[in-house]
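J.: Structure: query_39.csv, CSV, C-alpha atoms and all ligand atoms.
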chain,number,residue,atom,x,y,z
K,1,MET,CA,-5.5,30.4,23.3
K,2,VAL,CA,-2.8,33.0,23.9
K,3,ILE,CA,0.3,32.4,21.8
K,4,THR,CA,3.2,34.6,22.7
K,5,GLN,CA,6.3,35.6,20.7
K,6,LYS,CA,8.2,33.3,23.0
K,7,ASP,CA,6.0,30.4,22.0
K,8,LEU,CA,6.8,31.1,18.3
K,9,GLN,CA,10.5,31.4,19.0
K,10,GLU,CA,10.6,28.1,20.8
K,11,CYS,CA,9.3,26.1,17.9
K,12,SER,CA,11.6,24.0,15.7
K,13,VAL,CA,10.9,26.4,12.8
K,14,HIS,CA,10.9,30.1,13.5
K,15,LEU,CA,11.9,33.5,12.4
K,16,SER,CA,15.4,34.6,13.6
K,17,SER,CA,15.4,37.4,16.2
K,18,ASP,CA,16.7,39.9,13.6
K,19,GLU,CA,13.9,38.7,11.2
K,20,LEU,CA,16.4,38.2,8.4
K,21,ALA,CA,16.4,34.4,8.3
K,22,VAL,CA,14.3,31.3,8.9
K,23,GLU,CA,15.9,29.2,11.7
K,24,ILE,CA,15.3,25.5,11.9
K,25,ILE,CA,16.5,22.6,14.0
K,26,ASP,CA,18.4,20.4,11.6
K,27,GLN,CA,16.4,17.2,11.9
K,28,THR,CA,19.0,15.2,10.0
K,29,GLN,CA,21.3,15.6,13.0
K,30,LEU,CA,18.9,14.4,15.7
K,31,PRO,CA,19.1,12.7,18.2
K,32,ASN,CA,22.8,13.2,18.5
K,33,ARG,CA,23.3,16.9,17.8
K,34,THR,CA,20.9,19.9,18.1
K,35,LEU,CA,22.1,22.1,15.3
K,36,ILE,CA,20.3,25.3,14.3
K,37,LEU,CA,20.4,26.2,10.6
K,38,SER,CA,19.9,29.7,9.4
K,39,LEU,CA,18.2,29.9,6.0
K,40,THR,CA,18.3,33.1,4.0
K,41,THR,CA,18.3,32.2,0.3
K,42,ALA,CA,15.7,30.3,-1.9
K,43,LYS,CA,18.4,27.6,-2.5
K,44,GLU,CA,19.1,27.2,1.2
K,45,ILE,CA,15.3,26.8,2.0
K,46,TYR,CA,14.9,24.4,-1.0
K,47,ASP,CA,17.8,22.3,0.2
K,48,ALA,CA,16.6,22.2,3.8
K,49,ILE,CA,13.2,20.9,2.7
K,50,LYS,CA,14.6,18.4,0.1
K,51,SER,CA,17.2,17.0,2.5
K,52,LEU,CA,14.6,16.7,5.3
K,53,ALA,CA,16.6,19.1,7.6
K,54,VAL,CA,13.1,20.5,8.0
K,55,ARG,CA,10.3,17.9,7.5
K,56,GLY,CA,6.8,17.0,8.5
K,57,ALA,CA,4.0,18.5,6.5
K,58,PRO,CA,3.0,21.4,8.8
K,59,ALA,CA,6.6,22.3,9.6
K,60,ILE,CA,7.4,22.5,5.9
K,61,GLY,CA,4.4,24.8,5.4
K,62,ILE,CA,5.6,27.1,8.3
K,63,CYS,CA,9.1,27.1,6.9
K,64,ALA,CA,7.8,28.0,3.4
K,65,GLY,CA,5.7,30.8,4.9
K,66,TYR,CA,8.6,32.4,6.7
K,67,GLY,CA,10.9,31.6,3.8
K,68,MET,CA,8.7,33.6,1.4
K,69,TYR,CA,8.7,36.5,3.8
K,70,VAL,CA,12.5,36.4,4.3
K,71,LEU,CA,13.1,36.3,0.5
K,72,ALA,CA,10.7,39.3,0.1
K,73,ALA,CA,12.4,41.3,2.8
K,74,GLY,CA,15.8,40.6,1.1
K,75,LYS,CA,14.5,41.8,-2.3
K,76,ALA,CA,12.9,44.9,-0.8
K,77,ALA,CA,16.2,45.8,0.9
K,78,GLY,CA,17.9,45.4,-2.5
K,79,ALA,CA,16.9,46.5,-5.9
K,80,VAL,CA,13.1,45.8,-5.8
K,81,THR,CA,11.1,48.9,-5.3
K,82,ASP,CA,7.8,48.0,-6.8
K,83,SER,CA,5.3,45.5,-5.2
K,84,LYS,CA,4.3,44.1,-8.7
K,85,GLU,CA,7.9,43.3,-9.4
K,86,LEU,CA,8.2,41.8,-6.0
K,87,LEU,CA,5.2,39.5,-6.7
K,88,ALA,CA,6.7,38.4,-10.1
K,89,GLN,CA,10.0,37.5,-8.4
K,90,LEU,CA,8.3,35.7,-5.5
K,91,GLU,CA,6.1,33.7,-7.8
K,92,LYS,CA,9.3,32.2,-9.3
K,93,ASP,CA,10.8,31.5,-5.8
K,94,GLY,CA,7.5,30.0,-4.7
K,95,ALA,CA,7.4,27.6,-7.7
K,96,TYR,CA,11.0,26.6,-6.9
K,97,LEU,CA,10.3,25.9,-3.3
K,98,ILE,CA,7.1,23.9,-4.1
K,99,SER,CA,9.2,21.7,-6.4
K,100,SER,CA,11.4,20.5,-3.5
K,101,ARG,CA,8.9,17.9,-2.2
K,102,PRO,CA,5.6,17.0,-4.0
K,103,THR,CA,3.5,15.1,-1.5
K,104,ALA,CA,2.8,17.3,1.5
K,105,VAL,CA,0.2,19.7,0.4
K,106,ASN,CA,1.0,22.1,3.2
K,107,LEU,CA,4.1,23.3,1.2
K,108,SER,CA,2.1,24.6,-1.8
K,109,TRP,CA,-0.8,25.7,0.5
K,110,ALA,CA,1.6,28.0,2.4
K,111,VAL,CA,3.3,29.4,-0.7
K,112,LYS,CA,0.0,30.1,-2.4
K,113,ARG,CA,-1.3,31.7,0.8
K,114,MET,CA,1.7,34.1,0.9
K,115,LEU,CA,1.4,34.9,-2.8
K,116,LYS,CA,-2.3,35.6,-2.5
K,117,VAL,CA,-1.7,38.2,0.2
K,118,LEU,CA,0.9,40.0,-1.9
K,119,SER,CA,-1.2,39.8,-5.1
K,120,GLN,CA,-4.1,41.5,-3.3
K,121,HIS,CA,-1.8,44.4,-2.2
K,122,THR,CA,0.5,45.2,-5.2
K,123,ASP,CA,-0.8,48.8,-5.0
K,124,LEU,CA,1.1,49.2,-1.6
K,125,PRO,CA,4.7,50.4,-1.2
K,126,VAL,CA,7.1,47.5,-1.1
K,127,LYS,CA,7.9,48.0,2.6
K,128,GLU,CA,4.2,47.8,3.6
K,129,ALA,CA,3.6,44.7,1.4
K,130,VAL,CA,6.6,43.0,3.0
K,131,ASP,CA,5.1,43.8,6.5
K,132,LEU,CA,1.9,42.1,5.4
K,133,LEU,CA,3.9,39.0,4.4
K,134,LYS,CA,5.5,38.8,7.8
K,135,ALA,CA,2.1,39.0,9.5
K,136,GLU,CA,0.8,36.2,7.2
K,137,ALA,CA,3.8,33.9,7.9
K,138,GLN,CA,3.3,34.5,11.6
K,139,ALA,CA,-0.4,33.8,11.2
K,140,ILE,CA,0.3,30.4,9.5
K,141,HIS,CA,2.6,29.6,12.4
K,142,ARG,CA,0.1,30.7,15.2
K,143,GLU,CA,-2.7,28.9,13.5
K,144,ASP,CA,-0.7,25.7,13.4
K,145,ILE,CA,-0.1,25.8,17.1
K,146,GLU,CA,-3.8,26.3,17.7
K,147,MET,CA,-4.8,23.6,15.3
K,148,CYS,CA,-2.3,21.1,16.8
K,149,TYR,CA,-3.7,21.9,20.3
K,150,ARG,CA,-7.2,21.2,19.2
K,151,ILE,CA,-6.2,18.0,17.3
K,152,ALA,CA,-4.5,16.9,20.5
K,153,GLU,CA,-7.7,17.6,22.5
K,154,ASN,CA,-9.8,15.7,20.0
K,155,GLY,CA,-7.4,12.8,19.8
K,156,LEU,CA,-7.2,12.5,23.5
K,157,SER,CA,-10.9,12.0,23.7
K,158,LEU,CA,-10.5,8.7,21.7
K,159,VAL,CA,-8.2,6.9,24.3
K,160,LYS,CA,-8.2,6.2,28.0
K,161,PRO,CA,-5.4,6.3,30.6
K,162,GLY,CA,-3.0,3.4,30.2
K,163,ASP,CA,-3.8,2.8,26.6
K,164,GLY,CA,-1.1,1.7,24.2
K,165,ILE,CA,-0.8,3.8,21.0
K,166,LEU,CA,1.2,2.7,17.9
K,167,THR,CA,2.6,5.5,15.7
K,168,HIS,CA,4.6,5.5,12.5
K,169,CYS,CA,7.1,8.2,11.4
K,170,ASN,CA,7.2,11.5,13.3
K,171,ALA,CA,4.3,13.8,13.7
K,172,GLY,CA,5.3,15.5,16.9
K,173,PRO,CA,6.4,19.0,17.7
K,174,LEU,CA,9.5,18.7,15.4
K,175,ALA,CA,7.2,18.1,12.4
K,176,THR,CA,4.7,20.9,13.3
K,177,SER,CA,4.9,23.8,15.7
K,178,LYS,CA,3.9,22.6,19.2
K,179,TYR,CA,2.2,19.4,20.4
K,180,GLY,CA,2.3,17.8,17.0
K,181,THR,CA,-0.6,15.9,15.3
K,182,ALA,CA,-0.3,12.1,15.7
K,183,THR,CA,1.5,12.3,19.0
K,184,GLY,CA,-0.2,15.6,20.1
K,185,PRO,CA,-2.7,13.7,22.3
K,186,VAL,CA,0.2,12.0,24.1
K,187,PHE,CA,2.0,15.3,24.9
K,188,LEU,CA,-1.2,16.8,26.0
K,189,ALA,CA,-2.0,13.8,28.2
K,190,LYS,CA,1.4,14.0,29.8
K,191,GLU,CA,0.8,17.7,30.6
K,192,ARG,CA,-2.5,16.7,32.3
K,193,GLY,CA,-0.9,13.8,34.3
K,194,ILE,CA,-2.5,11.1,32.1
K,195,GLU,CA,-0.2,8.2,31.2
K,196,LEU,CA,-0.3,6.6,27.8
K,197,LYS,CA,2.2,4.1,26.3
K,198,VAL,CA,3.6,4.6,22.8
K,199,PHE,CA,5.0,2.1,20.4
K,200,SER,CA,7.1,4.0,17.9
K,201,ASP,CA,7.8,2.3,14.6
K,202,GLU,CA,11.4,3.0,13.7
K,203,THR,CA,10.3,4.0,10.1
K,204,ARG,CA,12.7,2.7,7.5
K,205,PRO,CA,14.5,4.0,5.6
K,206,LEU,CA,15.1,7.4,7.2
K,207,LEU,CA,14.3,6.3,10.8
K,208,GLN,CA,12.1,9.3,11.8
K,209,GLY,CA,10.5,7.1,14.4
K,210,ALA,CA,13.8,6.1,16.0
K,211,ARG,CA,15.6,9.4,15.6
K,212,LEU,CA,12.8,11.9,16.2
K,213,THR,CA,9.6,10.3,17.7
K,214,SER,CA,11.3,8.2,20.4
K,215,TYR,CA,13.6,11.2,21.1
K,216,GLU,CA,10.7,13.7,21.6
K,217,LEU,CA,8.6,11.3,23.7
K,218,GLN,CA,11.5,10.1,25.9
K,219,LYS,CA,12.6,13.7,26.6
K,220,ALA,CA,9.0,14.5,27.6
K,221,GLY,CA,9.0,11.6,30.1
K,222,VAL,CA,6.5,9.5,28.1
K,223,ASP,CA,6.5,5.7,28.2
K,224,VAL,CA,7.8,5.0,24.7
K,225,THR,CA,9.0,1.7,23.2
K,226,LEU,CA,10.9,1.7,19.9
K,227,ILE,CA,10.2,-1.2,17.6
K,228,CYS,CA,11.3,-2.1,14.1
K,229,ASP,CA,8.6,-1.7,11.5
K,230,ASN,CA,8.2,-5.4,11.1
K,231,MET,CA,7.4,-5.9,14.8
K,232,ALA,CA,4.1,-3.9,14.6
K,233,SER,CA,2.0,-7.1,14.0
K,234,LEU,CA,3.4,-8.9,17.0
K,235,VAL,CA,2.9,-5.9,19.3
K,236,MET,CA,-0.7,-5.7,18.1
K,237,LYS,CA,-1.3,-9.4,18.5
K,238,ASN,CA,0.1,-9.2,22.1
K,239,GLY,CA,-2.8,-6.9,22.9
K,240,TRP,CA,-0.5,-3.9,23.7
K,241,VAL,CA,-2.1,-1.5,21.2
K,242,GLN,CA,-5.5,0.1,21.7
K,243,ALA,CA,-5.3,2.7,18.9
K,244,CYS,CA,-3.0,3.6,16.0
K,245,PHE,CA,-2.3,7.4,15.6
K,246,VAL,CA,-0.5,8.5,12.4
K,247,GLY,CA,0.1,11.8,10.7
K,248,CYS,CA,-0.7,12.7,7.1
K,249,ASP,CA,0.9,14.6,4.3
K,250,ARG,CA,-2.2,15.0,2.1
K,251,ILE,CA,-5.8,13.9,2.7
K,252,ALA,CA,-7.8,13.6,-0.5
K,253,ALA,CA,-11.5,14.6,-0.7
K,254,ASN,CA,-12.6,10.9,-0.3
K,255,GLY,CA,-10.5,10.4,2.8
K,256,ASP,CA,-7.6,8.4,1.2
K,257,PHE,CA,-4.4,9.9,2.6
K,258,ALA,CA,-0.7,9.9,2.0
K,259,ASN,CA,1.7,9.5,4.9
K,260,LYS,CA,5.1,8.0,5.4
K,261,ILE,CA,5.9,4.8,3.5
K,262,GLY,CA,4.6,1.9,5.6
K,263,THR,CA,1.5,3.6,7.0
K,264,SER,CA,-0.9,1.6,4.8
K,265,GLY,CA,0.7,-1.6,6.1
K,266,VAL,CA,0.0,-0.5,9.7
K,267,ALA,CA,-3.6,0.3,8.7
K,268,ILE,CA,-4.1,-3.2,7.2
K,269,LEU,CA,-2.6,-4.8,10.3
K,270,ALA,CA,-4.9,-2.7,12.5
K,271,LYS,CA,-7.9,-3.8,10.6
K,272,HIS,CA,-6.8,-7.5,11.0
K,273,TYR,CA,-6.5,-7.2,14.7
K,274,GLY,CA,-9.7,-4.9,15.1
K,275,ILE,CA,-7.7,-1.9,16.4
K,276,PRO,CA,-9.0,1.6,15.6
K,277,PHE,CA,-6.8,3.4,13.1
K,278,TYR,CA,-6.8,7.2,13.0
K,279,THR,CA,-4.9,9.8,11.0
K,280,LEU,CA,-4.6,13.2,12.7
K,281,GLY,CA,-3.9,16.4,10.8
K,282,PRO,CA,-4.8,20.1,10.5
K,283,ARG,CA,-7.2,21.3,7.8
K,284,SER,CA,-4.2,22.6,5.9
K,285,THR,CA,-3.4,19.0,5.1
K,286,ILE,CA,-6.8,18.3,3.5
K,287,ASP,CA,-6.8,18.9,-0.3
K,288,MET,CA,-10.3,19.1,-1.6
K,289,ASP,CA,-8.9,19.6,-5.1
K,290,CYS,CA,-7.5,16.1,-4.9
K,291,PRO,CA,-10.4,13.7,-5.5
K,292,THR,CA,-8.8,10.4,-4.4
K,293,GLY,CA,-5.5,9.0,-3.2
K,294,ALA,CA,-4.6,8.0,-6.8
K,295,ASP,CA,-4.3,11.8,-7.5
K,296,ILE,CA,-1.7,12.4,-4.8
K,297,PRO,CA,1.9,12.8,-6.2
K,298,ILE,CA,4.3,10.4,-4.5
K,299,GLU,CA,7.9,11.5,-4.0
K,300,LEU,CA,10.6,9.0,-5.0
K,301,ARG,CA,13.9,9.3,-3.2
K,302,ASP,CA,17.5,8.3,-3.7
K,303,PRO,CA,18.1,4.5,-3.3
K,304,GLU,CA,21.2,5.4,-1.3
K,305,GLU,CA,18.9,6.0,1.6
K,306,ILE,CA,18.1,2.3,1.7
K,307,LYS,CA,21.5,0.8,0.6
K,308,ASN,CA,24.1,3.0,2.3
K,309,MET,CA,22.9,5.7,4.5
K,310,TRP,CA,23.1,4.4,8.0
K,311,TYR,CA,25.8,1.7,7.6
K,312,LYS,CA,29.6,1.6,7.7
K,313,GLU,CA,29.5,-0.4,4.5
K,314,PRO,CA,26.9,-0.7,1.8
K,315,MET,CA,24.2,-3.2,2.6
K,316,ALA,CA,23.6,-4.1,-1.1
K,317,LEU,CA,25.6,-4.4,-4.3
K,318,PRO,CA,25.7,-1.0,-6.1
K,319,GLU,CA,24.1,-2.6,-9.2
K,320,VAL,CA,21.0,-3.9,-7.2
K,321,LYS,CA,17.8,-2.1,-8.3
K,322,CYS,CA,16.1,-0.2,-5.5
K,323,TYR,CA,12.6,1.4,-5.2
K,324,ASN,CA,12.3,4.1,-2.6
K,325,PRO,CA,8.9,5.8,-2.5
K,326,SER,CA,8.8,8.2,0.5
K,327,PHE,CA,5.0,7.8,1.0
K,328,ASP,CA,2.2,5.5,0.5
K,329,VAL,CA,-1.6,6.0,0.3
K,330,THR,CA,-3.9,4.5,2.9
K,331,ASP,CA,-7.3,3.6,1.5
K,332,HIS,CA,-10.1,5.5,3.4
K,333,GLU,CA,-11.9,2.2,4.0
K,334,LEU,CA,-9.1,1.3,6.5
K,335,LEU,CA,-9.6,4.5,8.4
K,336,THR,CA,-11.7,4.6,11.6
K,337,ALA,CA,-11.7,8.4,11.6
K,338,ILE,CA,-9.7,11.6,10.7
K,339,VAL,CA,-8.9,13.7,13.7
K,340,THR,CA,-8.8,17.4,12.7
K,341,ASP,CA,-8.7,20.7,14.5
K,342,LYS,CA,-12.4,21.0,13.9
K,343,GLY,CA,-13.4,17.7,15.3
K,344,VAL,CA,-13.3,13.9,14.6
K,345,VAL,CA,-14.5,13.1,11.1
K,346,TYR,CA,-16.1,9.7,10.6
K,347,PRO,CA,-17.2,8.1,7.3
K,348,PRO,CA,-18.7,8.8,4.9
K,349,PHE,CA,-15.5,10.9,4.4
K,350,ASP,CA,-16.5,12.5,1.1
K,351,VAL,CA,-19.6,14.1,2.7
K,352,ASN,CA,-18.1,14.8,6.2
K,353,LEU,CA,-14.7,16.3,5.0
K,354,LYS,CA,-16.6,18.8,2.9
K,355,LYS,CA,-18.6,19.9,6.0
K,356,ILE,CA,-15.4,20.3,8.0
K,357,MET,CA,-13.8,22.3,5.3
K,358,GLU,CA,-16.8,24.7,5.1
K,359,MET,CA,-16.6,25.5,8.8
K,360,GLU,CA,-15.2,28.8,9.9
U,401,LIG,O1,9.3,12.4,4.8
U,401,LIG,P1,8.8,13.1,6.0
U,401,LIG,O2,9.6,12.8,7.2
U,401,LIG,O3,8.6,14.6,5.9
U,401,LIG,O4,7.4,12.4,6.3
U,401,LIG,C1,6.6,13.0,7.3
U,401,LIG,C2,5.3,12.2,7.5
U,401,LIG,O5,5.0,11.3,6.9
U,401,LIG,C3,4.5,12.7,8.7
U,401,LIG,O6,3.7,11.7,9.2
U,401,LIG,C4,3.5,13.8,8.1
U,401,LIG,O7,4.2,14.8,7.4
U,401,LIG,C5,2.7,14.5,9.2
U,401,LIG,S1,3.7,15.5,10.3
U,401,LIG,C6,2.7,16.2,11.4
So, in terms of structure tokens, how does the structure I just supplied come out?
Ligand code: MRU

T.:
Amino acid sequence: MVITQKDLQECSVHLSSDELAVEIIDQTQLPNRTLILSLTTAKEIYDAIKSLAVRGAPAIGICAGYGMYVLAAGKAAGAVTDSKELLAQLEKDGAYLISSRPTAVNLSWAVKRMLKVLSQHTDLPVKEAVDLLKAEAQAIHREDIEMCYRIAENGLSLVKPGDGILTHCNAGPLATSKYGTATGPVFLAKERGIELKVFSDETRPLLQGARLTSYELQKAGVDVTLICDNMASLVMKNGWVQACFVGCDRIAANGDFANKIGTSGVAILAKHYGIPFYTLGPRSTIDMDCPTGADIPIELRDPEEIKNMWYKEPMALPEVKCYNPSFDVTDHELLTAIVTDKGVVYPPFDVNLKKIMEME
């Protein structure tokens, strides 16, 4: 697959043309405004990830990769003249960035990958070390485009023309690089003239399904129907859904996986109605150091997102207790298969995920 510089620049997360900043589409403003944010400091990158201006596991990883490069380039242009000192400073920045969101493993995966390159070349002059960091960040980005394409191919093999697919949250191009993961097969199908129908859960409380998934699919000319999360059961019962495709933020070694809050409920419904349920993700989302779903850290977010965020007036009394976990864990027993860039992984997941991770 040939990936040009233009392909990279067109992604929702990319390096600015002067290579001094990470540029992102501010996802908090969609679908009403397309705003580009330019991030140059560790605080700006941290805030963009924390506030979900950039979100989706692979996109966060790409942002962290470019972010580490931009921070390194800034330090090299300033007072840092030694690669060992550069590494010491970047280790601190990396730990800070990782602390912005705990669940998606792609964030720490990308930061660690950038630090590893630098730690292996601390004998080089700073300028050369920084060039290596740029190449590594671009490699993370290119690999994601390739992986998403392969995931899309593999996912497409599981459905037939005219099928209805239910998805939850947003795992399209905005959340990755190109194509996306869960909706990658749909975009690829569209390119090939194959029509699929998508039911997009709105995804309370932050409405990624309404604001982002239905936006991306509608713009691409896909037959998309937006539903409230509590309508999924009815839509399945009506016989309109032939497969569920969802993304993932971290897949544990036994196949349990974390994804946007509400995903596990969709999986339970799918099992009830006998509908195949798949998670689609790149190998950068598989965490073999995490034995089961119980070991995945789950991010808790501000209750204001539930009580106030989208309304003219608060929808609950200020003193009402609120629980706002950003993700839940779907038990591997509810999963039909995991669609990766290296193929479709079926149970037993503990055995087969290991095999897929050992592949070149
Ligand atoms: O809180 P978010 O919007 O970052 O949650 C994102 C998801 O749950 C996605 O499904 C997941 O990151 C996969 S994106 C390809």

J.: Using all atoms listed in the file, which residues have at least one atom no more than 6 Å from ligand LIG 401 (chain U)? Output them as a list in words.

T.: Arg55, Gly56, Ala57, Pro58, Cys169, Asn170, Ala171, Ala175, Thr176, Gly180, Thr181, Gly247, Cys248, Asp249, Asn259 and Lys260 of chain K

J.: Those same residues - C-alpha atoms - I'd like them written as a PDB file, in the coordinates of the input.

T.:
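Result saved to again06.pdb:
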ATOM      1  CA  ARG K  55      10.300  17.900   7.500  1.00  0.00           C
ATOM      2  CA  GLY K  56       6.800  17.000   8.500  1.00  0.00           C
ATOM      3  CA  ALA K  57       4.000  18.500   6.500  1.00  0.00           C
ATOM      4  CA  PRO K  58       3.000  21.400   8.800  1.00  0.00           C
ATOM      5  CA  CYS K 169       7.100   8.200  11.400  1.00  0.00           C
ATOM      6  CA  ASN K 170       7.200  11.500  13.300  1.00  0.00           C
ATOM      7  CA  ALA K 171       4.300  13.800  13.700  1.00  0.00           C
ATOM      8  CA  ALA K 175       7.200  18.100  12.400  1.00  0.00           C
ATOM      9  CA  THR K 176       4.700  20.900  13.300  1.00  0.00           C
ATOM     10  CA  GLY K 180       2.300  17.800  17.000  1.00  0.00           C
ATOM     11  CA  THR K 181      -0.600  15.900  15.300  1.00  0.00           C
ATOM     12  CA  GLY K 247       0.100  11.800  10.700  1.00  0.00           C
ATOM     13  CA  CYS K 248      -0.700  12.700   7.100  1.00  0.00           C
ATOM     14  CA  ASP K 249       0.900  14.600   4.300  1.00  0.00           C
ATOM     15  CA  ASN K 259       1.700   9.500   4.900  1.00  0.00           C
ATOM     16  CA  LYS K 260       5.100   8.000   5.400  1.00  0.00           C
TER      17      LYS K 260
END

J.: Using only C-alpha atoms, which residue out of K:Leu156, K:Leu87, K:Leu174, K:Ala182 lies closest to K:Glu195?

T.: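 Comparing K:Leu156, K:Leu87, K:Leu174, K:Ala182 against K:Glu195, the winner is K:Leu156.
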
J.: Between K:Pro303, K:Ile286, K:Val320, K:Cys244, which is the closest to K:Leu335 once you count only C-alpha atoms?

T.: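 For K:Leu335, the nearest of the candidates is K:Cys244.
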
J.: Compute the distance from (7.9, 6.0, -1.0) to each atom, counting only C-alpha atoms, keep the residues with any atom at most 10 Å away, and return them as a list in words; use the coordinates of the file.

T.: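 These residues have at least one counted atom within 10 Å: Pro205, Ala258, Asn259, Lys260, Ile261, Gly262, Ile298, Glu299, Leu300, Arg301, Tyr323, Asn324, Pro325, Ser326, Phe327, Asp328 and Val329 of chain K.
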
J.: Of the residues K:Met288, K:Ala64, K:Leu158, K:Leu226, which is the one nearest to K:Ala137, using all atoms listed in the file?

T.: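 Between K:Met288, K:Ala64, K:Leu158, K:Leu226, the residue approaching K:Ala137 most closely is K:Ala64.
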
J.: From the options K:Leu71, K:Leu317, K:Ala252, K:Met231, which residue's atoms come nearest to K:Thr285, counting all atoms listed in the file?

T.: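 Smallest distance to K:Thr285 is found for K:Ala252.
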
J.: Restricting the calculation to all atoms listed in the file, which member of K:Ser200, K:Val339, K:Lys50, K:Asp7 is positioned closest to K:Thr103?

T.: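 Closest candidate: K:Lys50.
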
J.: In Å to one decimal, how far is atom CA of K:Asp287 from atom CA of K:Phe349?

T.: 12.7 Å

J.: Just the residues within 12 Å of K:Asp123, please, counting only C-alpha atoms, with nothing from its chain fewer than 3 positions along; format it as a tab-separated table (two decimals) with C-alpha atoms, keeping the file's coordinate frame.

T.:
chain	number	residue	atom	x	y	z
K	81	THR	CA	11.10	48.90	-5.30
K	82	ASP	CA	7.80	48.00	-6.80
K	83	SER	CA	5.30	45.50	-5.20
K	84	LYS	CA	4.30	44.10	-8.70
K	85	GLU	CA	7.90	43.30	-9.40
K	86	LEU	CA	8.20	41.80	-6.00
K	87	LEU	CA	5.20	39.50	-6.70
K	117	VAL	CA	-1.70	38.20	0.20
K	118	LEU	CA	0.90	40.00	-1.90
K	119	SER	CA	-1.20	39.80	-5.10
K	120	GLN	CA	-4.10	41.50	-3.30
K	126	VAL	CA	7.10	47.50	-1.10
K	127	LYS	CA	7.90	48.00	2.60
K	128	GLU	CA	4.20	47.80	3.60
K	129	ALA	CA	3.60	44.70	1.40

J.: Here is a test: counting only C-alpha atoms, which residue of K:Met114, K:Leu52, K:Ala152, K:Val246 is nearest to K:Leu206?

T.: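 Going through K:Met114, K:Leu52, K:Ala152, K:Val246 one by one, the smallest distance to K:Leu206 is for K:Leu52.
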
J.: Within 8 Å of stretch 183-186 of chain K, counting only C-alpha atoms, which residues qualify if same-chain residues fewer than 5 places away don't, as a ChimeraX atom specification?

T.: /K:148-149,151-156,167,171-173,196,222,245-246
